[in-house]
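Let me begin by presenting the structure, written as structure tokens, before commenting on it.
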Amino acid sequence: MSNKIFDIIKSDLTALEGALQDAVKSPVETITEIGNHLIEAGGKRLRPAMFFLAAHCDDGYKRERVMPLGVALELIHMASLVHDDVLDSAETRRGVETANAKWGNQLAILAGDYLFAKAFALVAEQNYGSRVELQLSNLLTDLSAGELIQNKEIYKASCDTEEYFRRIAMKTANFLAISCQLGGDLAKRSEEEIQALYNYGYCVGMAFQLTDDLLDITGDTKTIGKPAGNDILQGIITLPTIRALEVSPDKDELVSIVTDPDMTNAMLDRALELVRATDGVDFTKAKVDDYLSRAKANLPDSIPQEIRETYYMAADFISGREF
């Protein structure tokens with residue numbers, strides 16, 4: 001995400017990088033090596049950024065108090081991506097070799113487990129309270145449940161939009177919602193404000209994942225850092241394809257492709273062609289716009305103006321992002 005959007009927390013995000021490197025240091029050299037590889041691969045740092053913004057609603061903001069939780073959120077995200085890449089047999093992410101491609105599935109899974117554990121250790125050391133720990137525990141259960149829902153539907157050409165939205169809520173939206181909520185908690189905002197921040201994060205998260213799914217259909221490897229059409233190749237049906245399966249005059253052909261675990265590159269190219277020939281992309285874009293409008297509407301006027309304006313800019317960035 002553009003650094004200019006987050007100028008207000010620029011110093012926090014800079015400090016986050018050093019804190020992440022400290023967090024992945026281990027007496028086991030391989031763990032440190034994998035951790036540094038994941039950090040250097042980059043990322044939008046969107047979850048800690050949303051958290052830092054909400055935490056800055058506190059006039060007495062103290063970075064040393066807030067930073068461990070920001071690091072924990074990014075470690076949880078990194079760990080979930082490592083596990084996702086193993087499940088998807090992914091070879092690249094953000095244009096960089098994945099941990100499983102570089103070290104093998106076994107070490108990648110163990111490194112992901114280490115990052116999850118480290119995240120909770122950082123939180124426990126700070127005594128944030130049972131509410132924070134419960135929210136993070138719920139976050140992890142949702143991440144796991146969302147992945148289970150997704151994997152039971154691979155290569156099935158499911159058109160169940162309700163289950164699709166439930167899945168992306170668990171895998172992405174709830175994470176951003178909780179990131180905003182935790183920042184509001186640490187800033188000691190009112191329960192109404194904290195709920196509003198949660199709602200904002202949820203709607204932004206839904207829009208973010210919908211945009212991700214769009215880019216998988218409309219993007220290219222150079223831009224998005226992974227092969228275009230990778231979801232279809234992995235048997236994962238997202239909203240643009242669900243819509244195409246409903247309205248395409250060639251839906252029978254599309255079904256035969258997306259349900260084939262032995263899909264070739266030529267078949268993938270044809271599937272992308274069929275999806276792009278429908279209104280699936282525009283249909284999904286409309287959903288993105290709706291969620292972002294709802295996100296903005298949820299922002300309370302009572303939080304500092306510069307924080308509210310930054311959250312607005314973050315929503316606008318998501319609506320037009322290309323990576």
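Here's how to read the names in the structure tokens: chain A, B, ... by the order shown, residue numbers from 1 in each chain, ligand numbers from 1 in the order shown.
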Alpha helix (DSSP H) per DSSP on the backbone: members of range 123-227 of chain A, as a PyMOL selection string:
chain A and resi 123-126+130-152+161-168+174-186+191-218+221-224
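Using only C-alpha atoms, the residues found no farther than 12 Å from Ser89 in chain A, other than those of its own chain fewer than 3 positions away, are A:Leu81, A:Val82, A:His83, A:Asp84, A:Asp85, A:Val86, A:Thr92, A:Arg93, A:Glu97, A:Thr98, A:Ala99, A:Asn100, A:Ala101, A:Lys102, A:Gly104, A:Asn105, A:Ala108, A:Asn230, A:Asp231, A:Leu233, A:Gln234.
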Which residues are close to Asp213 in chain A, i.e. within 7 Å by only C-alpha atoms, leaving aside same-chain residues fewer than 4 positions away? Reply as an mmCIF file with N, CA and C atoms, in the first residue's frame.
```cif
data_model
loop_
_atom_site.group_PDB
_atom_site.id
_atom_site.type_symbol
_atom_site.label_atom_id
_atom_site.label_comp_id
_atom_site.auth_asym_id
_atom_site.auth_seq_id
_atom_site.Cartn_x
_atom_site.Cartn_y
_atom_site.Cartn_z
ATOM 1 N N GLN A 209 -10.422 -8.326 -0.264
ATOM 2 C CA GLN A 209 -10.364 -9.688 -0.793
ATOM 3 C C GLN A 209 -11.077 -9.795 -2.138
ATOM 4 N N ILE A 217 -8.119 -12.509 -11.893
ATOM 5 C CA ILE A 217 -8.753 -12.680 -13.201
ATOM 6 C C ILE A 217 -8.210 -11.678 -14.218
ATOM 7 N N THR A 238 -13.898 -18.010 -7.156
ATOM 8 C CA THR A 238 -14.156 -16.708 -6.548
ATOM 9 C C THR A 238 -15.319 -16.018 -7.258
#
```
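By only C-alpha atoms, and with residues fewer than 3 positions from range 41-56 of chain A along its chain excluded, the set lying at most 7 Å from it is Met1, Ile9, His37, Leu38, Tyr61, Gly70, Leu73, Glu74, Arg94, Val96, Leu176, Ser179, Cys180, Leu182, Gly183, Gly184, Leu186, Ala187 and Ile307 of chain A.
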Mind checking which residues fall within 9 Å of Leu299 in chain A, counting only C-alpha atoms, ignoring those fewer than 6 positions away in the same chain, and posting them as a list in words?
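The neighbour list is Glu193, Ala196, Leu197, Asn199, Tyr200, Arg308, Tyr311 and Tyr312 of chain A.
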Atoms kept (C-alpha atoms) for selection, written as a compact mmCIF listing (two decimals), in the first residue's frame:
```txt
# COMPACT_ATOMS: atom_id res chain seq x y z
CA GLU A 193 -16.40 3.85 18.48
CA ALA A 196 -17.60 1.37 14.35
CA LEU A 197 -13.88 0.82 13.74
CA ASN A 199 -17.27 -2.42 11.07
CA TYR A 200 -15.01 -0.22 8.96
CA ARG A 308 -10.57 9.45 9.73
CA TYR A 311 -8.92 5.61 6.71
CA TYR A 312 -10.83 7.26 3.84
```
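Across A:Ala295, A:Leu139, A:Ile39, A:Val258, the tightest approach to Leu272 in chain A is made by A:Val258 when counting only C-alpha atoms.
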Grab the CA of Val28 in chain A to CA of Glu40 in chain A distance for me, in Å with one decimal place.
18.7 Å
Hey, which of A:Glu17, A:Asp289, A:Asp279, A:Glu153 ends up closest to Met206 in chain A? Count only C-alpha atoms.
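Nearest candidate to Met206 in chain A out of A:Glu17, A:Asp289, A:Asp279, A:Glu153: A:Asp289.
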Selection near Leu20 in chain A, 9 Å with only C-alpha atoms, sequence-local residues under 2 positions removed, as an MDAnalysis selection string
chainID A and resid 15:18 22:25 35:36 39 71:72 74:75
Check the smallest atom-to-atom distance from each of A:Thr310, A:Thr172, A:Thr30, A:Asn298 to His77 in chain A using only C-alpha atoms, then report the winner.
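Distance minimum relative to His77 in chain A lands on A:Thr172.
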Tell me, as a PDB file with C-alpha atoms, in the first residue's frame, which residues lie within 7 Å of Gln181 in chain A, counting only C-alpha atoms; anything in the same chain fewer than 4 positions away does not count.
```pdb
ATOM      1  CA  ALA A 177     -11.846  -5.736  11.492  1.00  0.00           C
ATOM      2  CA  ASP A 185      -9.252  -0.974  22.510  1.00  0.00           C
ATOM      3  CA  ILE A 194     -14.627   0.501  18.764  1.00  0.00           C
ATOM      4  CA  GLN A 195     -17.585  -1.243  17.113  1.00  0.00           C
ATOM      5  CA  LEU A 197     -13.881   0.825  13.744  1.00  0.00           C
ATOM      6  CA  TYR A 198     -14.507  -2.931  13.638  1.00  0.00           C
TER       7      TYR A 198
END
```
